[in-house]
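Participant: Got entry09.txt for you, compact mmCIF, C-alpha atoms:
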# COMPACT_ATOMS: atom_id res chain seq x y z
CA MET A 1 -56.91 -24.61 45.73
CA ALA A 2 -56.35 -27.97 44.08
CA THR A 3 -60.04 -28.46 43.35
CA PRO A 4 -63.13 -26.24 43.74
CA PHE A 5 -64.00 -28.18 46.88
CA THR A 6 -60.72 -28.23 48.75
CA PHE A 7 -61.29 -26.27 51.93
CA THR A 8 -60.08 -26.58 55.49
CA LEU A 9 -62.59 -28.15 57.86
CA PRO A 10 -61.48 -27.83 61.50
CA ILE A 11 -62.00 -31.00 63.51
CA GLU A 12 -64.02 -29.10 66.13
CA LEU A 13 -66.74 -28.52 63.50
CA LEU A 14 -67.49 -32.24 63.15
CA ALA A 15 -70.76 -32.82 65.03
CA LYS A 16 -69.83 -35.32 67.73
CA GLU A 17 -73.31 -35.85 69.15
CA PRO A 18 -76.97 -35.33 68.23
CA PRO A 19 -78.26 -31.77 68.75
CA GLU A 20 -80.52 -33.07 71.53
CA ARG A 21 -77.34 -34.02 73.40
CA ARG A 22 -76.00 -30.52 72.79
CA GLY A 23 -79.04 -29.07 74.54
CA ILE A 24 -81.08 -27.99 71.52
CA GLY A 25 -84.09 -29.45 69.72
CA ARG A 26 -83.87 -31.32 66.43
CA ASP A 27 -85.24 -28.34 64.54
CA ARG A 28 -82.94 -25.78 66.20
CA VAL A 29 -79.85 -26.62 64.17
CA ARG A 30 -78.54 -23.88 61.90
CA LEU A 31 -79.57 -23.36 58.29
CA MET A 32 -77.62 -21.78 55.45
CA ALA A 33 -80.07 -20.82 52.68
CA ILE A 34 -78.78 -20.02 49.19
CA ASP A 35 -80.98 -18.48 46.48
CA ARG A 36 -80.24 -20.15 43.13
CA ILE A 37 -81.30 -17.04 41.19
CA THR A 38 -79.64 -14.22 43.13
CA ASN A 39 -76.87 -16.26 44.86
CA LYS A 40 -77.85 -14.52 48.10
CA VAL A 41 -76.80 -16.44 51.22
CA GLU A 42 -78.74 -16.18 54.48
CA HIS A 43 -77.86 -17.70 57.84
CA THR A 44 -80.71 -18.63 60.14
CA ARG A 45 -82.14 -21.51 62.18
CA PHE A 46 -83.84 -24.54 60.69
CA ASP A 47 -87.17 -23.97 62.46
CA ARG A 48 -87.45 -20.86 60.26
CA VAL A 49 -87.19 -22.83 57.01
CA SER A 50 -90.78 -21.81 56.15
CA GLU A 51 -89.47 -18.32 55.34
CA PHE A 52 -87.83 -19.78 52.22
CA LEU A 53 -90.81 -21.88 51.12
CA ARG A 54 -94.12 -20.85 49.61
CA PRO A 55 -97.60 -22.32 49.13
CA GLY A 56 -97.57 -24.87 46.33
CA ASP A 57 -94.02 -26.08 47.01
CA LEU A 58 -93.57 -29.83 47.44
CA LEU A 59 -91.03 -31.27 49.88
CA VAL A 60 -90.04 -34.81 48.87
CA PHE A 61 -88.71 -36.93 51.74
CA ASN A 62 -86.83 -40.24 51.86
CA SER A 63 -88.74 -42.39 54.36
CA SER A 64 -86.11 -45.15 54.50
CA ARG A 65 -85.38 -46.23 58.08
CA THR A 66 -81.81 -46.64 59.30
CA LEU A 67 -80.77 -50.20 60.07
CA PRO A 68 -78.52 -51.28 62.95
CA ALA A 69 -76.17 -52.12 60.10
CA CYS A 70 -73.01 -52.86 62.08
CA LEU A 71 -72.51 -56.40 63.44
CA ASN A 72 -69.72 -58.33 65.12
CA GLY A 73 -68.90 -61.86 64.00
CA CYS A 74 -66.12 -64.43 64.09
CA GLU A 75 -64.93 -66.78 61.38
CA VAL A 76 -65.63 -70.47 61.95
CA PRO A 77 -63.44 -72.39 62.76
CA ARG A 78 -60.36 -70.08 62.57
CA GLY A 79 -61.68 -67.56 65.08
CA ASN A 80 -60.71 -64.34 63.31
CA CYS A 81 -63.23 -61.75 64.51
CA MET A 82 -64.43 -58.83 62.44
CA GLU A 83 -66.91 -56.01 62.20
CA ILE A 84 -69.45 -56.40 59.39
CA ARG A 85 -71.14 -53.31 57.95
CA LEU A 86 -74.15 -53.90 55.76
CA ALA A 87 -73.96 -51.82 52.58
CA GLN A 88 -76.76 -53.00 50.31
CA HIS A 89 -79.53 -55.59 50.11
CA LEU A 90 -79.39 -57.30 46.71
CA PRO A 91 -82.32 -58.59 44.62
CA ASP A 92 -81.34 -62.23 45.29
CA ASP A 93 -81.72 -61.61 49.07
CA SER A 94 -77.96 -61.54 49.68
CA TRP A 95 -76.10 -58.45 50.93
CA LEU A 96 -73.04 -56.44 50.01
CA VAL A 97 -71.00 -55.93 53.18
CA LEU A 98 -67.79 -54.30 54.33
CA LEU A 99 -65.63 -56.71 56.35
CA LEU A 100 -63.25 -55.07 58.85
CA CYS A 101 -60.77 -57.15 60.85
CA GLN A 102 -60.84 -56.30 64.56
CA LYS A 103 -57.09 -56.80 65.08
CA GLY A 104 -54.34 -55.07 63.13
CA ASP A 105 -54.94 -53.78 59.63
CA PRO A 106 -58.71 -53.84 58.92
CA PHE A 107 -58.20 -55.92 55.77
CA SER A 108 -55.39 -58.24 56.92
CA CYS A 109 -57.09 -61.22 58.58
CA GLY A 110 -57.37 -63.44 55.53
CA LEU A 111 -60.67 -62.17 54.12
CA ARG A 112 -61.72 -64.51 51.33
CA SER A 113 -64.60 -66.16 49.54
CA GLY A 114 -66.02 -69.17 51.36
CA MET A 115 -65.62 -67.85 54.91
CA GLN A 116 -68.29 -68.84 57.40
CA ILE A 117 -69.08 -66.16 59.99
CA ASP A 118 -70.95 -66.72 63.24
CA PHE A 119 -72.85 -63.71 64.58
CA GLY A 120 -74.45 -65.41 67.58
CA GLN A 121 -78.07 -66.20 68.45
CA GLY A 122 -78.20 -68.74 65.62
CA LEU A 123 -77.30 -66.27 62.85
CA THR A 124 -74.47 -67.20 60.48
CA GLY A 125 -73.32 -65.94 57.11
CA THR A 126 -71.37 -67.21 54.11
CA VAL A 127 -69.01 -64.89 52.25
CA TYR A 128 -68.99 -65.11 48.46
CA GLU A 129 -67.18 -63.05 45.80
CA ARG A 130 -66.05 -59.42 45.93
CA ASP A 131 -68.20 -56.75 44.35
CA VAL A 132 -67.09 -55.85 40.83
CA ASN A 133 -67.72 -52.11 41.20
CA ILE A 134 -66.56 -51.56 44.80
CA PRO A 135 -63.87 -54.18 45.54
CA ARG A 136 -63.83 -53.58 49.30
CA LEU A 137 -67.36 -54.96 49.49
CA TRP A 138 -68.12 -58.68 49.63
CA LYS A 139 -71.30 -60.56 48.86
CA LEU A 140 -72.68 -62.29 51.95
CA ARG A 141 -75.69 -64.52 52.43
CA PHE A 142 -77.22 -64.84 55.90
CA SER A 143 -78.67 -68.08 57.26
CA LYS A 144 -81.94 -66.24 58.01
CA SER A 145 -84.09 -63.98 55.85
CA ASP A 146 -87.11 -61.66 55.87
CA THR A 147 -88.61 -60.77 59.28
CA GLU A 148 -86.54 -63.40 61.08
CA LEU A 149 -83.33 -61.74 59.83
CA MET A 150 -84.59 -58.24 60.64
CA ASP A 151 -85.43 -59.31 64.19
CA LEU A 152 -81.90 -60.65 64.67
CA LEU A 153 -80.30 -57.55 63.12
CA TYR A 154 -82.14 -55.38 65.63
CA ARG A 155 -81.00 -57.64 68.49
CA LEU A 156 -77.38 -57.95 67.41
CA GLY A 157 -76.61 -54.82 65.44
CA ARG A 158 -75.88 -51.17 66.12
CA PRO A 159 -75.69 -48.06 63.94
CA VAL A 160 -72.62 -47.50 61.81
CA ARG A 161 -70.43 -45.08 63.73
CA TYR A 162 -67.44 -43.08 62.49
CA GLU A 163 -64.54 -41.88 64.61
CA TYR A 164 -65.74 -38.28 64.90
CA VAL A 165 -68.91 -39.39 66.77
CA SER A 166 -68.15 -39.19 70.47
CA ALA A 167 -70.26 -42.09 71.76
CA PRO A 168 -72.26 -45.12 70.53
CA TRP A 169 -75.60 -43.30 70.39
CA GLU A 170 -78.81 -45.32 70.32
CA LEU A 171 -80.42 -46.18 66.99
CA ASP A 172 -83.32 -43.74 67.58
CA TYR A 173 -80.87 -40.85 67.22
CA TYR A 174 -80.18 -42.06 63.68
CA GLN A 175 -83.83 -41.93 62.54
CA THR A 176 -85.93 -39.19 61.01
CA VAL A 177 -89.34 -38.77 62.69
CA TYR A 178 -91.10 -39.99 59.51
CA ALA A 179 -88.87 -43.01 58.77
CA LYS A 180 -90.87 -46.17 57.99
CA GLU A 181 -89.20 -48.74 55.72
CA PRO A 182 -86.03 -50.33 57.19
CA GLY A 183 -83.16 -50.56 54.74
CA SER A 184 -80.56 -47.77 54.96
CA ALA A 185 -77.02 -48.56 56.06
CA GLU A 186 -76.64 -44.95 57.19
CA MET A 187 -79.21 -42.31 58.08
CA PRO A 188 -80.70 -40.23 55.24
CA SER A 189 -79.76 -37.31 57.47
CA ALA A 190 -81.02 -34.26 55.55
CA GLY A 191 -84.48 -34.72 57.04
CA ARG A 192 -83.37 -35.33 60.61
CA ALA A 193 -84.17 -31.78 61.76
CA PHE A 194 -87.86 -32.01 60.88
CA THR A 195 -90.26 -32.44 63.79
CA TRP A 196 -93.94 -33.33 63.47
CA LYS A 197 -94.83 -29.84 64.66
CA LEU A 198 -92.73 -28.26 61.92
CA LEU A 199 -94.24 -30.58 59.30
CA PHE A 200 -97.79 -29.69 60.41
CA ASP A 201 -96.95 -25.97 60.42
CA LEU A 202 -95.60 -26.21 56.87
CA ARG A 203 -98.73 -28.05 55.78
CA ARG A 204 -100.89 -25.24 57.21
CA GLN A 205 -98.75 -22.81 55.22
CA GLY A 206 -99.66 -24.67 52.02
CA VAL A 207 -96.39 -26.58 51.58
CA GLU A 208 -97.12 -30.13 50.40
CA THR A 209 -95.20 -33.30 51.19
CA ALA A 210 -94.46 -36.56 49.38
CA TYR A 211 -92.44 -39.62 50.40
CA ILE A 212 -90.21 -41.89 48.36
CA VAL A 213 -87.71 -44.54 49.50
CA LEU A 214 -84.03 -44.87 48.67
CA HIS A 215 -82.02 -47.21 50.88
CA THR A 216 -78.64 -45.57 51.40
CA GLY A 217 -75.35 -47.41 51.28
CA LEU A 218 -72.12 -46.70 53.18
CA SER A 219 -70.48 -43.28 52.90
CA SER A 220 -66.99 -44.71 53.49
CA TYR A 221 -65.28 -48.01 52.73
CA MET A 222 -62.48 -47.27 55.28
CA ASP A 223 -60.03 -47.06 52.38
CA ASP A 224 -58.84 -43.52 51.64
CA ALA A 225 -57.76 -44.31 48.08
CA LEU A 226 -61.08 -45.95 47.24
CA ASP A 227 -63.13 -43.26 48.99
CA ALA A 228 -61.27 -40.60 46.96
CA GLN A 229 -62.56 -42.23 43.76
CA HIS A 230 -66.18 -41.66 44.94
CA PRO A 231 -67.43 -44.99 43.57
CA ALA A 232 -71.20 -44.88 43.08
CA SER A 233 -72.95 -47.66 44.95
CA GLU A 234 -76.10 -49.11 43.43
CA GLU A 235 -78.95 -48.14 45.72
CA GLU A 236 -82.51 -49.44 45.74
CA TYR A 237 -85.40 -46.99 45.40
CA PHE A 238 -89.20 -47.10 45.45
CA ILE A 239 -91.32 -44.29 44.00
CA SER A 240 -95.04 -44.78 44.55
CA GLU A 241 -97.83 -43.78 42.23
CA LEU A 242 -98.98 -41.21 44.79
CA ALA A 243 -95.55 -39.59 45.05
CA ALA A 244 -95.19 -39.46 41.25
CA GLN A 245 -98.62 -37.85 40.92
CA LYS A 246 -97.81 -35.21 43.55
CA ILE A 247 -94.52 -34.32 41.86
CA ASN A 248 -96.09 -34.06 38.40
CA GLN A 249 -99.06 -32.04 39.69
CA THR A 250 -96.72 -29.66 41.51
CA HIS A 251 -94.91 -28.82 38.30
CA PHE A 252 -98.19 -28.55 36.38
CA ARG A 253 -99.40 -25.97 38.90
CA GLY A 254 -96.15 -24.00 38.84
CA GLY A 255 -94.82 -25.15 42.23
CA ARG A 256 -91.29 -26.16 43.13
CA VAL A 257 -90.15 -29.70 43.89
CA ILE A 258 -87.62 -29.57 46.72
CA ALA A 259 -85.66 -32.73 47.53
CA VAL A 260 -84.90 -33.41 51.18
CA GLY A 261 -81.52 -35.02 50.73
CA THR A 262 -79.20 -35.97 47.89
CA THR A 263 -80.75 -39.47 47.95
CA VAL A 264 -84.07 -37.99 46.81
CA VAL A 265 -82.35 -36.08 44.01
CA ARG A 266 -80.69 -39.25 42.73
CA ALA A 267 -83.90 -41.27 42.89
CA LEU A 268 -86.11 -38.68 41.16
CA GLU A 269 -83.57 -37.76 38.49
CA SER A 270 -83.14 -41.49 37.76
CA VAL A 271 -86.81 -41.89 36.79
CA ALA A 272 -87.71 -38.47 35.32
CA ASP A 273 -88.12 -38.16 31.56
CA ASP A 274 -86.78 -35.24 29.52
CA THR A 275 -89.90 -33.18 30.28
CA GLY A 276 -89.41 -33.65 34.04
CA LYS A 277 -92.32 -36.03 34.41
CA VAL A 278 -91.83 -38.72 37.05
CA LYS A 279 -93.26 -42.24 36.98
CA ALA A 280 -93.83 -44.78 39.73
CA GLU A 281 -90.95 -47.25 39.75
CA HIS A 282 -88.95 -49.74 41.81
CA GLY A 283 -85.33 -50.03 40.73
CA TYR A 284 -81.64 -49.49 41.46
CA THR A 285 -79.57 -46.45 40.59
CA ARG A 286 -75.88 -45.62 40.25
CA LEU A 287 -76.61 -42.12 38.97
CA HIS A 288 -73.69 -39.79 39.73
CA ILE A 289 -74.83 -36.19 39.36
CA THR A 290 -72.35 -33.43 38.51
CA ALA A 291 -72.39 -29.98 36.92
CA ASN A 292 -72.92 -31.69 33.54
CA HIS A 293 -76.28 -33.06 34.65
CA ARG A 294 -79.30 -31.01 33.62
CA LEU A 295 -81.81 -31.26 36.45
CA LYS A 296 -85.06 -32.53 34.99
CA THR A 297 -87.52 -32.54 37.89
CA VAL A 298 -85.86 -31.30 41.10
CA ASP A 299 -85.91 -27.53 41.67
CA GLY A 300 -84.33 -27.25 45.10
CA LEU A 301 -82.41 -29.22 47.70
CA LEU A 302 -82.13 -29.43 51.47
CA THR A 303 -78.93 -31.19 52.45
CA GLY A 304 -76.33 -31.48 55.18
CA MET A 305 -72.85 -29.99 55.17
CA HIS A 306 -70.46 -32.17 53.16
CA GLU A 307 -66.75 -32.79 53.68
CA PRO A 308 -64.06 -31.32 51.38
CA GLU A 309 -63.95 -33.14 48.04
CA ALA A 310 -66.93 -35.37 48.92
CA SER A 311 -68.94 -36.68 45.96
CA HIS A 312 -72.06 -35.00 47.34
CA LEU A 313 -70.44 -31.67 46.53
CA ASP A 314 -70.33 -32.73 42.88
CA LEU A 315 -74.11 -33.17 43.05
CA LEU A 316 -74.51 -29.65 44.42
CA THR A 317 -72.92 -28.25 41.25
CA ALA A 318 -76.07 -29.25 39.36
CA PHE A 319 -77.79 -26.53 41.43
CA LEU A 320 -75.06 -23.89 41.86
CA SER A 321 -71.63 -23.12 40.44
CA ALA A 322 -68.68 -24.79 42.12
CA GLU A 323 -67.31 -21.37 43.00
CA LYS A 324 -70.52 -20.35 44.78
CA ILE A 325 -70.61 -23.60 46.76
CA ARG A 326 -66.98 -23.22 47.79
CA ASP A 327 -67.47 -19.60 48.85
CA SER A 328 -70.62 -20.48 50.82
CA TYR A 329 -68.91 -23.40 52.54
CA GLU A 330 -65.93 -21.25 53.52
CA GLU A 331 -68.41 -18.78 54.99
CA ALA A 332 -70.09 -21.63 56.89
CA VAL A 333 -66.70 -22.65 58.31
CA GLN A 334 -66.06 -19.09 59.45
CA LYS A 335 -69.49 -19.03 61.13
CA GLN A 336 -68.72 -22.39 62.77
CA TYR A 337 -71.47 -24.55 61.29
CA PHE A 338 -71.41 -28.20 62.30
CA TRP A 339 -70.81 -30.97 59.74
CA HIS A 340 -72.06 -34.54 59.24
CA GLU A 341 -75.25 -36.38 60.20
CA PHE A 342 -75.81 -34.55 63.49
CA GLY A 343 -74.80 -31.19 62.09
CA ASP A 344 -76.35 -28.16 60.39
CA LEU A 345 -78.15 -27.86 57.07
CA ASN A 346 -78.02 -26.12 53.71
CA LEU A 347 -81.08 -25.17 51.65
CA ILE A 348 -80.60 -24.39 47.95
CA VAL A 349 -83.79 -23.13 46.31
Could you write out this structure as structure tokens?

Facilitator:
Amino acid sequence: MATPFTFTLPIELLAKEPPERRGIGRDRVRLMAIDRITNKVEHTRFDRVSEFLRPGDLLVFNSSRTLPACLNGCEVPRGNCMEIRLAQHLPDDSWLVLLLCQKGDPFSCGLRSGMQIDFGQGLTGTVYERDVNIPRLWKLRFSKSDTELMDLLYRLGRPVRYEYVSAPWELDYYQTVYAKEPGSAEMPSAGRAFTWKLLFDLRRQGVETAYIVLHTGLSSYMDDALDAQHPASEEEYFISELAAQKINQTHFRGGRVIAVGTTVVRALESVADDTGKVKAEHGYTRLHITANHRLKTVDGLLTGMHEPEASHLDLLTAFLSAEKIRDSYEEAVQKQYFWHEFGDLNLIV
């Protein structure tokens, strides 16, 4: 194998539709549980996740809500039409966006600074410079802002959809049941399988919950060479005083802090001090976690199944050896787990 994470992922294992459209409930997807101490791997169903949790554990969720982050627009006055994918909301109220030409090569229709794009219903945008860190992204400023812009995005936009997804599913399929704050370009999908019933059952078991926000960016820039570099996008996070208190109290009492999603790991590890204590904070992070990162505050992780050589697999090596992850993933392929946002899950604890 060229790298620890080169493995063959058959195309039929890419989840093409939400589990509800496959005839099963959200919480009936499969779960691969890996014990960090013993390296034991168990295969079960997600609605049995309580078997791997104990009273005093704290599940930390990302309550960011998925935006209809994909828009169509045409350049004025030249008429070149393109698909615009929102990637990140910047502090100055502009956005980083991916511009994809609708005809021919996705980057060949004269993309440049100064373009004026008409989205319809009175919404326009002005394109400014390229992003320094991720050159496929451009800075764009809309003609509307705040609630007026959000209202138009929900009228005009749709969820970002990749080619393996079989149909343009409605936005509700791209939301977790607890999502509140709009802002993610793509669904923070690790928590999608939770239902309110499962959350209440876990609470009765003594498992606590806390919520933070990290608005996710795009997982692909539609450029294989750039995607292979795994450039870290700068993502906005909010950690409340209540969430910080719950995390710190959990450690004080000897409980485990389990992140629901790699986004939660990045946010918490960005603000934790060397003792593992977390503080309330609003900021941006580019933290790229690998095997060299010593986890300071996160003890476990619930995450989806990640593609070969994806940067998320680097993050998993902070929890387990690369060899163990590779072996477990090859086992998941043999057992025909489903991958991506509508797929199955992996618990490492």

Participant: Expressed in Å to a single decimal, how great is the separation between atom CA of A:Tyr178 and atom CA of A:Gln205?

Facilitator: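 The value is 19.3 Å.
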
Participant: Just how far from atom CA of A:Ala291 is atom CA of A:Met222, in Å to one decimal?

Facilitator: 27.1 Å

Participant: Determine the nearest neighbour of A:Arg158 from the options A:Asp223, A:Glu170, A:Glu241, A:Asp27, counting all atoms listed in the file.

Facilitator: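 That would be A:Glu170, the residue with the smallest distance to A:Arg158.
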
Participant: Can you pull out the residues contacting A:Leu347? Cut-off 6 Å, using all atoms listed in the file, and skip same-chain residues under 2 positions away; I want them as a PyMOL selection string.

Facilitator: chain A and resi 33+301-302

Participant: Give one line per residue of stretch 38-144 of chain A that approaches stretch 171-176 of chain A to at most 7 Å, naming the two atoms of the closest pair and their distance in Å to one decimal, counting all atoms listed in the file; sort by chain then ascending residue number and deliver it as a Markdown table.

Facilitator:
| residue | atom | partner | partner_atom | distance |
| --- | --- | --- | --- | --- |
| A:Arg65 | CA | A:Gln175 | CA | 6.4 |
| A:Thr66 | CA | A:Gln175 | CA | 6.1 |
| A:Pro68 | CA | A:Leu171 | CA | 6.8 |

Participant: Could you check the closest approach to A:Leu242 for each of A:Val76, A:Val60, A:Leu13, A:Leu345 and tell me which residue wins, using all atoms listed in the file?

Facilitator: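 Distance minimum relative to A:Leu242 lands on A:Val60.
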
Participant: When you look at A:Val298 with a cut-off of 8 Å (counting only C-alpha atoms), what residues show up, excluding the ones that are within fewer than 4 positions of it in the same chain? I need them as a ChimeraX atom specification.

Facilitator: /A:256-259,265,268-269
